[in-house]
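J.: The structure file upload.txt (compact mmCIF, C-alpha atoms) is provided below.
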```txt
# COMPACT_ATOMS: atom_id res chain seq x y z
CA MET A 1 40.08 -64.62 -56.72
CA SER A 2 39.74 -61.01 -55.63
CA VAL A 3 38.04 -59.96 -52.44
CA ALA A 4 35.17 -57.53 -52.33
CA VAL A 5 33.93 -54.70 -50.16
CA ARG A 6 30.31 -53.80 -49.62
CA ILE A 7 28.62 -50.64 -48.52
CA ASP A 8 25.11 -50.00 -47.34
CA VAL A 9 24.17 -46.53 -48.57
CA ASP A 10 21.18 -46.39 -46.20
CA SER A 11 23.27 -47.17 -43.12
CA SER A 12 23.87 -44.46 -40.52
CA THR A 13 27.57 -45.36 -40.58
CA PRO A 14 29.39 -43.02 -42.97
CA HIS A 15 30.46 -44.59 -46.25
CA TYR A 16 34.13 -43.87 -45.65
CA GLU A 17 33.95 -45.61 -42.27
CA GLN A 18 32.21 -48.66 -43.74
CA LEU A 19 34.96 -48.90 -46.32
CA ARG A 20 37.78 -48.21 -43.88
CA SER A 21 36.68 -50.86 -41.39
CA GLN A 22 36.32 -53.53 -44.09
CA LEU A 23 39.66 -52.73 -45.70
CA ALA A 24 41.41 -52.63 -42.33
CA ALA A 25 39.86 -56.00 -41.43
CA LEU A 26 40.86 -57.54 -44.77
CA ILE A 27 44.43 -56.32 -44.34
CA ALA A 28 44.61 -57.54 -40.73
CA ALA A 29 43.21 -60.92 -41.72
CA GLY A 30 45.77 -61.24 -44.52
CA ALA A 31 43.11 -61.36 -47.24
CA LEU A 32 44.90 -58.40 -48.79
CA ALA A 33 48.58 -59.27 -48.92
CA ASP A 34 51.47 -56.93 -48.34
CA GLY A 35 52.27 -55.05 -51.55
CA GLU A 36 48.92 -55.79 -53.18
CA ARG A 37 47.57 -52.91 -55.23
CA LEU A 38 44.19 -51.50 -54.35
CA PRO A 39 41.86 -50.08 -57.02
CA THR A 40 42.34 -46.44 -57.88
CA VAL A 41 40.18 -43.96 -56.00
CA ARG A 42 38.06 -43.25 -59.07
CA ALA A 43 37.62 -46.91 -60.03
CA LEU A 44 36.46 -47.92 -56.54
CA ALA A 45 34.20 -44.86 -56.28
CA ASN A 46 32.64 -45.66 -59.68
CA ASP A 47 32.12 -49.33 -58.78
CA LEU A 48 30.36 -48.38 -55.54
CA GLY A 49 28.55 -45.36 -56.97
CA ILE A 50 29.90 -43.00 -54.32
CA ALA A 51 31.96 -39.82 -54.43
CA ALA A 52 35.67 -40.11 -55.18
CA ALA A 53 36.35 -37.87 -52.17
CA THR A 54 34.83 -40.55 -49.91
CA VAL A 55 37.23 -43.23 -51.15
CA SER A 56 40.07 -40.73 -51.03
CA ARG A 57 39.33 -40.06 -47.36
CA THR A 58 39.23 -43.80 -46.64
CA TYR A 59 42.63 -44.29 -48.26
CA ARG A 60 44.01 -41.30 -46.32
CA ASP A 61 42.74 -42.76 -43.05
CA LEU A 62 44.26 -46.15 -43.87
CA GLU A 63 47.51 -44.46 -44.82
CA GLY A 64 47.48 -42.63 -41.48
CA ALA A 65 47.09 -45.99 -39.74
CA GLY A 66 50.04 -47.37 -41.71
CA LEU A 67 47.93 -49.98 -43.51
CA VAL A 68 48.42 -48.66 -47.04
CA SER A 69 50.80 -46.34 -48.79
CA THR A 70 50.18 -44.25 -51.86
CA ARG A 71 52.95 -43.71 -54.35
CA ARG A 72 52.93 -41.85 -57.63
CA ARG A 73 52.69 -44.08 -60.73
CA VAL A 74 52.16 -47.15 -58.50
CA GLY A 75 48.93 -46.25 -56.76
CA THR A 76 47.74 -47.37 -53.36
CA VAL A 77 49.37 -50.55 -52.08
CA VAL A 78 48.81 -52.57 -48.93
CA THR A 79 51.52 -52.26 -46.29
CA SER A 80 50.34 -54.83 -43.80
CA PRO A 81 51.73 -54.36 -40.28
CA GLY A 82 54.46 -56.78 -39.30
CA PRO A 83 53.38 -59.73 -37.16
CA THR A 84 54.05 -58.91 -33.51
CA LEU A 85 53.36 -61.03 -30.45
CA GLU A 86 50.76 -58.55 -29.13
CA ARG A 87 48.95 -58.36 -32.44
CA ALA A 88 48.94 -62.14 -32.78
CA ALA A 89 47.53 -62.53 -29.27
CA VAL A 90 44.77 -59.99 -29.95
CA ALA A 91 43.94 -61.65 -33.27
CA GLU A 92 43.74 -65.02 -31.57
CA ALA A 93 41.45 -63.61 -28.86
CA ALA A 94 39.26 -62.00 -31.53
CA GLU A 95 39.00 -65.31 -33.35
CA ARG A 96 37.97 -67.06 -30.12
CA PHE A 97 35.39 -64.32 -29.46
CA VAL A 98 33.88 -64.58 -32.95
CA THR A 99 33.72 -68.39 -32.70
CA LEU A 100 31.99 -68.11 -29.32
CA ALA A 101 29.49 -65.55 -30.62
CA ARG A 102 28.70 -67.70 -33.67
CA ASP A 103 28.23 -70.71 -31.43
CA HIS A 104 25.59 -68.64 -29.62
CA GLN A 105 23.83 -67.88 -32.95
CA PHE A 106 24.94 -64.23 -33.09
CA SER A 107 24.70 -62.66 -36.53
CA ASP A 108 27.66 -60.71 -37.95
CA GLN A 109 25.83 -57.45 -37.25
CA GLU A 110 25.20 -58.48 -33.64
CA ILE A 111 28.87 -59.36 -33.20
CA ARG A 112 29.83 -55.94 -34.52
CA ASP A 113 27.31 -54.29 -32.18
CA VAL A 114 28.81 -56.11 -29.17
CA VAL A 115 32.30 -54.96 -30.14
CA ALA A 116 31.07 -51.39 -30.69
CA ALA A 117 29.30 -51.40 -27.29
CA THR A 118 32.45 -52.74 -25.61
CA LEU A 119 34.54 -50.05 -27.27
CA ILE A 120 32.14 -47.35 -26.10
CA GLY A 121 32.14 -48.79 -22.55
CA SER A 122 35.91 -49.10 -22.57
CA ALA A 123 36.31 -45.49 -23.76
CA GLY A 124 33.97 -44.32 -20.96
CA SER A 125 35.81 -46.22 -18.21
CA SER A 126 39.26 -45.06 -19.36
CA ARG A 127 37.98 -41.45 -19.37
CA ALA A 128 36.68 -41.96 -15.81
CA ASP A 129 40.07 -43.44 -14.82
CA ARG A 130 41.84 -40.39 -16.21
CA ILE A 131 39.52 -38.00 -14.32
CA GLY A 132 39.95 -39.99 -11.07
CA SER A 133 43.75 -40.04 -11.27
CA SER A 134 44.05 -36.29 -11.98
CA MET B 135 29.18 -37.69 -114.01
CA VAL B 136 25.88 -38.96 -112.62
CA LEU B 137 27.38 -42.46 -112.38
CA ASP B 138 30.36 -41.00 -110.56
CA GLU B 139 28.09 -39.35 -108.01
CA ALA B 140 26.08 -42.55 -107.63
CA ILE B 141 29.24 -44.56 -106.92
CA ARG B 142 30.35 -42.03 -104.31
CA ALA B 143 26.94 -42.00 -102.66
CA GLY B 144 26.95 -45.80 -102.69
CA ALA B 145 30.37 -45.91 -101.06
CA LEU B 146 29.19 -43.52 -98.34
CA GLY B 147 26.08 -45.65 -97.86
CA ALA B 148 28.26 -48.74 -97.51
CA CYS B 149 30.22 -46.99 -94.76
CA VAL B 150 26.99 -46.93 -92.76
CA ALA B 151 25.42 -50.18 -93.95
CA VAL B 152 28.38 -52.54 -93.38
CA PRO B 153 28.99 -51.54 -89.74
CA ALA B 154 25.22 -51.49 -89.15
CA VAL B 155 24.96 -55.11 -90.32
CA LEU B 156 27.91 -56.13 -88.13
CA VAL B 157 26.39 -54.40 -85.11
CA TRP B 158 22.99 -55.97 -85.79
CA ARG B 159 24.57 -59.45 -85.99
CA GLU B 160 26.43 -58.90 -82.74
CA LEU B 161 23.30 -57.60 -80.99
CA ARG B 162 21.40 -60.69 -82.10
CA GLY B 163 24.13 -62.88 -80.64
CA LEU B 164 23.74 -61.18 -77.25
CA ALA B 165 20.41 -62.95 -76.74
CA ARG B 166 22.44 -66.05 -75.82
CA LEU B 167 23.88 -64.33 -72.75
CA ALA B 168 22.37 -65.77 -69.58
CA SER B 169 22.35 -62.48 -67.69
CA MET B 170 20.16 -59.46 -68.43
CA ALA B 171 22.77 -57.12 -66.89
CA ALA B 172 25.42 -58.61 -69.16
CA ARG B 173 23.18 -58.19 -72.20
CA ARG B 174 22.62 -54.53 -71.32
CA ALA B 175 26.34 -53.90 -70.79
CA ALA B 176 27.37 -55.70 -73.98
CA ARG B 177 24.66 -53.94 -76.01
CA ARG B 178 25.89 -50.59 -74.78
CA ALA B 179 29.52 -51.41 -75.60
CA THR B 180 28.56 -52.72 -79.06
CA LEU B 181 26.49 -49.63 -79.93
CA THR B 182 29.29 -47.32 -78.77
CA SER B 183 31.82 -49.14 -80.95
CA GLY B 184 29.36 -49.14 -83.85
CA ILE B 185 28.68 -45.40 -83.71
CA ALA B 186 32.40 -44.63 -83.35
CA GLY B 187 33.25 -46.91 -86.28
CA VAL B 188 30.56 -45.44 -88.57
CA LEU B 189 31.72 -41.88 -87.85
CA LEU B 190 35.36 -42.83 -88.47
CA LEU B 191 34.49 -44.48 -91.78
CA LEU B 192 32.18 -41.66 -92.90
CA VAL B 193 34.68 -38.85 -92.25
CA ASN B 194 37.52 -40.68 -93.99
CA ALA B 195 35.33 -41.79 -96.90
CA PHE B 196 34.25 -38.18 -97.35
CA VAL B 197 37.90 -37.07 -97.49
CA VAL B 198 38.70 -39.72 -100.10
CA LEU B 199 35.52 -39.35 -102.17
CA TYR B 200 34.96 -35.59 -102.02
CA PRO B 201 38.39 -33.92 -101.70
CA HIS B 202 37.23 -31.08 -103.99
CA HIS B 203 34.62 -30.07 -101.38
CA LEU B 204 37.40 -29.78 -98.82
CA PHE B 205 39.47 -27.65 -101.20
CA GLN B 206 36.39 -25.44 -101.73
CA MET B 207 36.15 -25.08 -97.98
CA GLY B 208 39.61 -23.51 -98.08
CA LEU B 209 41.53 -26.54 -96.79
CA GLY B 210 44.87 -27.29 -98.43
CA GLY B 211 46.81 -30.54 -98.83
CA PRO B 212 48.48 -30.37 -95.39
CA GLN B 213 45.15 -29.87 -93.62
CA ILE B 214 43.45 -32.61 -95.63
CA SER B 215 46.29 -35.04 -94.88
CA GLY B 216 45.64 -34.42 -91.19
CA THR B 217 41.90 -35.05 -91.50
CA PRO B 218 42.11 -38.83 -90.91
CA LEU B 219 43.96 -38.25 -87.65
CA ALA B 220 41.45 -35.55 -86.71
CA SER B 221 38.65 -38.05 -87.37
CA LEU B 222 40.24 -40.27 -84.75
CA LEU B 223 39.55 -37.57 -82.18
CA ILE B 224 35.82 -37.88 -83.01
CA PHE B 225 36.14 -41.68 -82.85
CA LEU B 226 37.79 -41.51 -79.43
CA ALA B 227 35.33 -38.89 -78.20
CA VAL B 228 32.45 -41.32 -78.86
CA TYR B 229 34.23 -43.97 -76.77
CA ALA B 230 34.89 -41.42 -74.03
CA VAL B 231 31.21 -40.41 -73.91
CA GLY B 232 30.20 -44.09 -73.85
CA GLU B 233 32.44 -44.80 -70.86
CA LEU B 234 31.65 -41.59 -68.98
CA THR B 235 27.91 -42.22 -69.22
CA TRP B 236 28.15 -45.88 -68.18
CA PRO B 237 25.31 -46.60 -65.70
CA ARG B 238 26.29 -46.09 -62.09
CA PRO B 239 25.40 -48.76 -59.52
CA GLU B 240 22.01 -48.46 -57.89
CA GLY B 241 20.37 -49.95 -54.83
CA GLY B 242 21.06 -49.70 -51.13
CA ARG B 243 23.68 -52.43 -50.91
CA ARG B 244 26.60 -52.21 -53.30
CA GLU B 245 29.66 -54.33 -53.82
CA ALA B 246 33.02 -53.73 -55.45
CA ARG B 247 35.89 -56.10 -56.17
CA LEU B 248 39.24 -54.96 -54.87
CA THR B 249 40.96 -55.48 -58.19
CA ALA B 250 43.37 -52.83 -59.41
CA ARG B 251 42.26 -52.13 -62.96
CA THR B 252 44.84 -50.25 -64.97
CA PRO B 253 45.01 -49.44 -68.68
CA ALA B 254 47.67 -52.14 -68.96
CA ARG B 255 45.22 -54.72 -67.56
CA VAL B 256 42.24 -53.77 -69.71
CA ALA B 257 44.06 -53.20 -73.02
CA PRO B 258 45.52 -56.03 -75.11
CA PRO B 259 49.29 -55.42 -74.88
CA LEU B 260 49.96 -56.20 -78.53
CA ALA B 261 47.35 -53.72 -79.77
CA ARG B 262 48.72 -51.05 -77.45
CA ARG B 263 52.28 -51.69 -78.62
CA LEU B 264 51.11 -51.57 -82.24
CA VAL B 265 49.65 -48.08 -81.76
CA ARG B 266 52.88 -46.88 -80.16
CA GLY B 267 54.84 -48.55 -82.94
CA TRP B 268 52.83 -46.73 -85.61
CA LEU B 269 53.38 -43.43 -83.78
CA GLY B 270 57.12 -44.16 -83.76
CA ALA B 271 56.99 -44.91 -87.48
CA LEU B 272 55.04 -41.69 -88.08
CA ALA B 273 57.68 -39.72 -86.17
CA VAL B 274 60.51 -41.31 -88.17
CA VAL B 275 58.80 -40.80 -91.53
CA THR B 276 57.80 -37.18 -90.88
CA VAL B 277 61.24 -36.22 -89.55
CA VAL B 278 63.09 -37.96 -92.42
CA PHE B 279 60.84 -36.37 -95.05
CA GLY B 280 61.05 -33.03 -93.29
CA LEU B 281 64.86 -33.17 -93.43
CA MET B 282 64.85 -34.36 -97.04
CA ALA B 283 62.49 -31.62 -98.21
CA SER B 284 63.90 -28.55 -99.90
CA GLY B 285 60.98 -26.40 -98.79
CA PRO B 286 57.72 -26.63 -96.86
CA ARG B 287 56.04 -28.78 -99.52
CA HIS B 288 58.59 -29.60 -102.19
CA ILE B 289 61.77 -31.47 -102.88
CA ALA B 290 64.40 -30.43 -105.40
CA ARG B 291 67.35 -32.04 -107.09
CA VAL B 292 70.27 -30.19 -108.64
CA PHE B 293 72.03 -31.81 -111.55
CA GLY B 294 74.74 -30.61 -113.85
CA ASP B 295 76.08 -27.18 -113.02
CA ASP B 296 73.02 -25.04 -113.30
CA LYS B 297 69.99 -27.27 -113.58
CA ALA B 298 67.47 -28.06 -110.92
CA PHE B 299 64.25 -30.02 -110.89
CA THR B 300 61.57 -29.58 -108.26
CA VAL B 301 58.65 -31.80 -107.34
CA ARG B 302 56.01 -29.72 -105.62
CA ILE B 303 54.06 -32.37 -103.76
CA PHE B 304 56.27 -33.73 -101.02
CA PRO B 305 55.52 -34.23 -97.31
CA GLY B 306 57.89 -31.55 -96.06
CA TRP B 307 57.54 -29.77 -92.74
CA GLU B 308 54.29 -28.10 -93.75
CA TRP B 309 52.71 -31.57 -93.89
CA ALA B 310 54.91 -33.44 -91.51
CA GLY B 311 54.66 -31.03 -88.57
CA PRO B 312 50.84 -30.95 -88.23
CA VAL B 313 50.53 -34.69 -88.97
CA LEU B 314 53.09 -35.59 -86.29
CA ALA B 315 51.47 -33.23 -83.77
CA ALA B 316 48.04 -34.73 -84.54
CA GLY B 317 49.48 -38.25 -84.16
CA ILE B 318 50.90 -37.45 -80.72
CA LEU B 319 47.60 -35.86 -79.67
CA VAL B 320 45.66 -38.91 -80.87
CA VAL B 321 47.85 -41.35 -78.94
CA ALA B 322 47.55 -39.20 -75.80
CA CYS B 323 43.74 -39.20 -76.20
CA THR B 324 43.82 -42.97 -76.74
CA GLU B 325 45.58 -43.44 -73.40
CA LEU B 326 42.93 -41.24 -71.80
CA VAL B 327 40.17 -43.42 -73.25
CA LEU B 328 41.95 -46.56 -71.96
CA ARG B 329 41.93 -45.01 -68.50
CA LEU B 330 38.22 -44.27 -68.78
CA VAL B 331 37.55 -47.88 -69.80
CA ALA B 332 39.58 -49.07 -66.80
CA VAL B 333 37.76 -46.95 -64.22
CA ARG B 334 34.19 -47.14 -65.52
CA PRO B 335 31.77 -48.80 -63.09
CA ALA B 336 31.78 -52.59 -63.20
CA ALA B 337 28.75 -54.20 -64.82
CA SER B 338 26.62 -55.34 -61.92
CA GLY B 339 25.60 -58.95 -61.41
CA VAL B 340 28.15 -60.45 -63.79
CA ASP B 341 31.35 -62.37 -63.27
CA PRO B 342 34.33 -60.00 -62.79
CA GLY B 343 36.20 -61.98 -65.46
CA TRP B 344 33.44 -61.31 -67.97
CA ASP B 345 33.41 -57.61 -67.07
CA LEU B 346 37.17 -57.49 -67.65
CA TRP B 347 36.69 -59.28 -70.99
CA LEU B 348 34.11 -56.64 -72.03
CA ARG B 349 36.60 -53.90 -71.18
CA ARG B 350 39.28 -55.70 -73.21
CA ARG B 351 36.90 -55.96 -76.18
CA THR B 352 36.19 -52.21 -76.00
CA THR B 353 39.86 -51.26 -75.81
CA ARG B 354 40.75 -53.72 -78.58
CA ARG B 355 38.24 -52.08 -80.90
CA ALA B 356 39.32 -48.55 -79.99
CA LEU B 357 42.99 -49.42 -80.43
CA GLY B 358 42.17 -51.24 -83.68
CA GLY B 359 40.63 -48.09 -85.19
CA VAL B 360 43.50 -45.92 -83.99
CA GLN B 361 46.22 -48.22 -85.31
CA LEU B 362 44.43 -48.54 -88.66
CA VAL B 363 44.23 -44.80 -89.28
CA ILE B 364 47.74 -43.98 -88.02
CA GLY B 365 49.10 -46.92 -90.03
CA LEU B 366 47.34 -45.78 -93.20
CA THR B 367 48.57 -42.21 -92.61
CA VAL B 368 52.16 -43.47 -92.37
CA ALA B 369 51.63 -45.59 -95.48
CA GLY B 370 50.11 -42.64 -97.37
CA LEU B 371 53.03 -40.37 -96.48
CA VAL B 372 55.56 -43.00 -97.57
CA VAL B 373 53.74 -43.56 -100.88
CA ILE B 374 53.56 -39.80 -101.59
CA GLY B 375 57.22 -39.38 -100.67
CA GLY B 376 58.21 -42.37 -102.80
CA ARG B 377 56.25 -41.07 -105.78
CA SER B 378 57.93 -37.68 -105.49
CA LEU B 379 61.38 -39.31 -105.42
CA LEU B 380 60.44 -41.39 -108.46
CA TRP B 381 59.48 -38.25 -110.37
CA LEU B 382 62.60 -36.50 -109.18
CA GLY B 383 64.81 -39.25 -110.60
CA ASN B 384 62.95 -39.62 -113.86
CA VAL B 385 63.56 -36.16 -115.34
CA GLY B 386 64.53 -35.09 -118.81
CA PRO B 387 62.89 -35.32 -122.22
CA MET B 388 61.38 -38.66 -123.06
CA GLY B 389 62.46 -40.25 -126.31
CA VAL B 390 65.22 -42.18 -127.96
CA GLY B 391 68.74 -41.58 -126.75
CA PRO B 392 70.58 -41.22 -123.47
CA ARG B 393 69.06 -39.19 -120.64
CA PRO B 394 71.92 -38.08 -118.43
CA GLU B 395 69.53 -36.30 -116.04
CA VAL B 396 67.89 -39.55 -115.00
CA SER B 397 68.99 -40.78 -111.59
CA GLU B 398 68.76 -44.52 -110.98
CA GLY B 399 69.23 -43.95 -107.26
CA TYR B 400 66.17 -41.70 -106.94
CA ILE B 401 64.09 -44.05 -109.08
CA ILE B 402 65.05 -47.09 -106.98
CA ALA B 403 64.47 -45.19 -103.72
CA GLY B 404 61.14 -43.90 -104.99
CA GLY B 405 59.99 -47.32 -106.14
CA ALA B 406 61.08 -48.88 -102.85
CA GLY B 407 59.20 -46.14 -101.00
CA ILE B 408 55.99 -46.85 -102.89
CA LEU B 409 56.33 -50.58 -102.29
CA LEU B 410 57.06 -50.00 -98.61
CA GLY B 411 54.07 -47.68 -98.29
CA LEU B 412 51.73 -50.20 -99.90
CA SER B 413 53.09 -52.94 -97.64
CA LEU B 414 52.51 -50.76 -94.59
CA ALA B 415 48.93 -50.13 -95.73
CA VAL B 416 48.34 -53.87 -96.12
CA ALA B 417 49.87 -54.48 -92.68
CA ALA B 418 47.63 -51.85 -91.04
CA VAL B 419 44.48 -53.28 -92.65
CA ALA B 420 45.51 -56.85 -91.80
CA ALA B 421 46.15 -55.91 -88.16
CA ALA B 422 42.72 -54.25 -87.97
CA CYS B 423 40.96 -57.28 -89.46
CA TRP B 424 42.96 -59.88 -87.51
CA PRO B 425 40.50 -61.92 -85.44
CA SER B 426 41.06 -61.81 -81.70
CA ARG B 427 41.67 -64.98 -79.73
CA ASP B 428 39.90 -63.84 -76.60
CA PRO B 429 36.71 -65.83 -76.12
CA ALA B 430 34.20 -64.49 -73.64
CA PRO B 431 34.33 -66.23 -70.25
CA ASP B 432 31.19 -67.38 -68.46
CA VAL B 433 29.03 -64.39 -67.71
CA LEU B 434 27.51 -65.62 -64.46
CA VAL B 435 29.24 -65.46 -61.11
CA GLY B 436 30.27 -68.74 -59.52
CA ALA B 437 27.21 -69.53 -57.39
CA GLU B 438 24.69 -68.63 -60.09
CA ARG B 439 26.72 -70.53 -62.68
CA ALA B 440 26.40 -73.69 -60.64
CA GLY B 441 22.61 -73.38 -60.69
CA VAL B 442 22.28 -72.87 -64.43
CA PRO B 443 21.63 -76.04 -66.39
CA SER B 444 24.11 -76.38 -69.23
```
As a first step, turn the structure in this file into structure tokens.

T.:
Amino acid sequence: MSVAVRIDVDSSTPHYEQLRSQLAALIAAGALADGERLPTVRALANDLGIAAATVSRTYRDLEGAGLVSTRRRVGTVVTSPGPTLERAAVAEAAERFVTLARDHQFSDQEIRDVVAATLIGSAGSSRADRIGSS
Amino acid sequence: MVLDEAIRAGALGACVAVPAVLVWRELRGLARLASMAARRAARRATLTSGIAGVLLLLVNAFVVLYPHHLFQMGLGGPQISGTPLASLLIFLAVYAVGELTWPRPEGGRREARLTARTPARVAPPLARRLVRGWLGALAVVTVVFGLMASGPRHIARVFGDDKAFTVRIFPGWEWAGPVLAAGILVVACTELVLRLVAVRPAASGVDPGWDLWLRRRTTRRALGGVQLVIGLTVAGLVVIGGRSLLWLGNVGPMGVGPRPEVSEGYIIAGGAGILLGLSLAVAAVAAACWPSRDPAPDVLVGAERAGVPS
């Protein structure tokens, strides 16, 4: 049973970012196993009805993050990061957070919004820390 | 003469009518499909195959039925022998257009399965190997005949001290070269079409397994046409070569008494060549007509399937 990705063409989030975040999440969750081949750029672009350059950028970004690797004649394959203690702890905390949010009737979109808001807040406070220390 | 023309016209008409009936029957059968999207996708694939098949049959029937028109157009034997392979380029072009114009997904929310589709996954392996096998056979036959030939289009045999006999229709390099080049081009174009089938947009709202089956059906038909024409080209070359060898061995005045010029070896080789060529032709036709054992899976995706009363 293959997994799927979805994009919302009317969303303000760029298509490549929608794709990147889903693929990164699928790889981190183990839904895409190490060594698994991803569709070719053109095939995925055709299936989603978007430009091949968009998918190509997504794959490049994932490659930069070390989540996939592209090889000639083989295509793009998943190179899932090795399990480390830190990563396992973060994944466990994320799982607890998602369970808590669902218990409080948060929708998936609301959960994503909370995470996005936290990331923005965290980026702002770390910038302030840097300014204060300099 | 009039009867002759009528038979030819009838044969050309049959080249259109027979595929049209097959397409019509298949289109009628599509009504049983539970999904409208699947019906649309299958109809499109069937019509593409039908148009490609009719064009392939028409061009080759024209070559067989009206060779004098081709000679009048200034084409010689070598060019005419390459026409069937050239017709495959038209056949493959129809498939390419069909795949390139496949409807793109619409709507605000779109979904794609993360399945790596490659030509190897969408093409039946046996059919693909058969096409490569025929290309290998074509290469062997053209090179062997090219080496055997005594000139661009003839083969000669010297016997005695000062006697030679030449047969002027033989697939020497003048035939073999263009036919082999056309064969390689056709197989390269076939691989390109397989790639197009693999990357075309998935039919929306249908089970991924059914979509993959539809791709396999398309590639099977495309490969079937390609293997048939390359196979018949190989068979035709072997028959022509065998006939030339037969003539080459059977020289000398006919009548009572010994014929020292006759060569049993050439006659046996020629006869074996003709038999081999006919066998190859039968094999190519049989492979094209062989029914596939690839039944269509359920067209609906899991959740919808559960809700459909059987």

J.: Any idea what the distance is between CA of Thr252 in chain B and CA of Val228 in chain B?

T.: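 Atom-to-atom, CA of Thr252 in chain B and CA of Val228 in chain B are spaced 20.6 Å apart.
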
J.: What residues in chain B have any atom no more than 6 Å from chain A when counting only C-alpha atoms, and can you write them as number ranges by chain?

T.: B: 238-239, 242-250, 333, 335-336

J.: State, in Å with one decimal place, the distance from CA of Trp347 in chain B to CA of Ala227 in chain B.

T.: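 Taking CA of Trp347 in chain B and CA of Ala227 in chain B, their separation equals 21.7 Å.
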
J.: What's the separation between CA of Tyr59 in chain A and CA of Ile27 in chain A, in Å to one decimal place?

T.: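 Taking CA of Tyr59 in chain A as the start and CA of Ile27 in chain A as the end point, the length is 12.8 Å.
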
J.: Rank nothing, just name the residue among A:Ser80, A:Gln18, A:Ser107, A:Ser122 nearest to Arg57 in chain A, using all atoms listed in the file.

T.: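 Nearest candidate to Arg57 in chain A out of A:Ser80, A:Gln18, A:Ser107, A:Ser122: A:Gln18.
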
J.: Closest to Gly405 in chain B among B:Pro425, B:Gly375, B:Pro218, B:Gly365, using all atoms listed in the file?

T.: B:Gly375

J.: With a distance cut-off of 12 Å and all atoms listed in the file, select the neighbouring residues of Gly210 in chain B, excluding the residue or stretch itself and same-chain residues fewer than 4 positions from it, and output the selection as a PyMOL selection string.

T.: chain B and resi 201-206+214-217+287+303+308-309

J.: Would you export the selected residues with C-alpha atoms as a PDB file, in the frame of the given file, please?

T.:
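Listed below is the output, part-v6.pdb:
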```
ATOM      1  CA  PRO B 201      38.390 -33.920-101.700  1.00  0.00           C
ATOM      2  CA  HIS B 202      37.230 -31.080-103.990  1.00  0.00           C
ATOM      3  CA  HIS B 203      34.620 -30.070-101.380  1.00  0.00           C
ATOM      4  CA  LEU B 204      37.400 -29.780 -98.820  1.00  0.00           C
ATOM      5  CA  PHE B 205      39.470 -27.650-101.200  1.00  0.00           C
ATOM      6  CA  GLN B 206      36.390 -25.440-101.730  1.00  0.00           C
ATOM      7  CA  ILE B 214      43.450 -32.610 -95.630  1.00  0.00           C
ATOM      8  CA  SER B 215      46.290 -35.040 -94.880  1.00  0.00           C
ATOM      9  CA  GLY B 216      45.640 -34.420 -91.190  1.00  0.00           C
ATOM     10  CA  THR B 217      41.900 -35.050 -91.500  1.00  0.00           C
ATOM     11  CA  ARG B 287      56.040 -28.780 -99.520  1.00  0.00           C
ATOM     12  CA  ILE B 303      54.060 -32.370-103.760  1.00  0.00           C
ATOM     13  CA  GLU B 308      54.290 -28.100 -93.750  1.00  0.00           C
ATOM     14  CA  TRP B 309      52.710 -31.570 -93.890  1.00  0.00           C
TER      15      TRP B 309
END
```

J.: Can you put N, CA and C atoms back into range 294-304 of chain B and show it as a compact mmCIF listing (two decimals), in the frame of the given file?

T.:
```
# COMPACT_ATOMS: atom_id res chain seq x y z
N GLY B 294 73.90 -31.44 -112.98
CA GLY B 294 74.74 -30.61 -113.85
C GLY B 294 75.25 -29.43 -113.04
N ASP B 295 75.55 -28.36 -113.71
CA ASP B 295 76.08 -27.18 -113.02
C ASP B 295 74.98 -26.19 -112.67
N ASP B 296 73.99 -26.11 -113.50
CA ASP B 296 73.02 -25.04 -113.30
C ASP B 296 71.57 -25.50 -113.51
N LYS B 297 71.36 -26.79 -113.36
CA LYS B 297 69.99 -27.27 -113.58
C LYS B 297 69.41 -27.83 -112.27
N ALA B 298 68.15 -27.54 -112.10
CA ALA B 298 67.47 -28.06 -110.92
C ALA B 298 66.07 -28.52 -111.31
N PHE B 299 65.61 -29.54 -110.62
CA PHE B 299 64.25 -30.02 -110.89
C PHE B 299 63.54 -30.12 -109.55
N THR B 300 62.33 -29.62 -109.53
CA THR B 300 61.57 -29.58 -108.26
C THR B 300 60.26 -30.34 -108.40
N VAL B 301 59.96 -31.15 -107.41
CA VAL B 301 58.65 -31.80 -107.34
C VAL B 301 57.89 -31.12 -106.21
N ARG B 302 56.68 -30.62 -106.56
CA ARG B 302 56.01 -29.72 -105.62
C ARG B 302 55.08 -30.42 -104.61
N ILE B 303 54.86 -31.70 -104.80
CA ILE B 303 54.06 -32.37 -103.76
C ILE B 303 54.97 -33.31 -103.00
N PHE B 304 55.39 -32.90 -101.84
CA PHE B 304 56.27 -33.73 -101.02
C PHE B 304 55.95 -33.43 -99.55
```
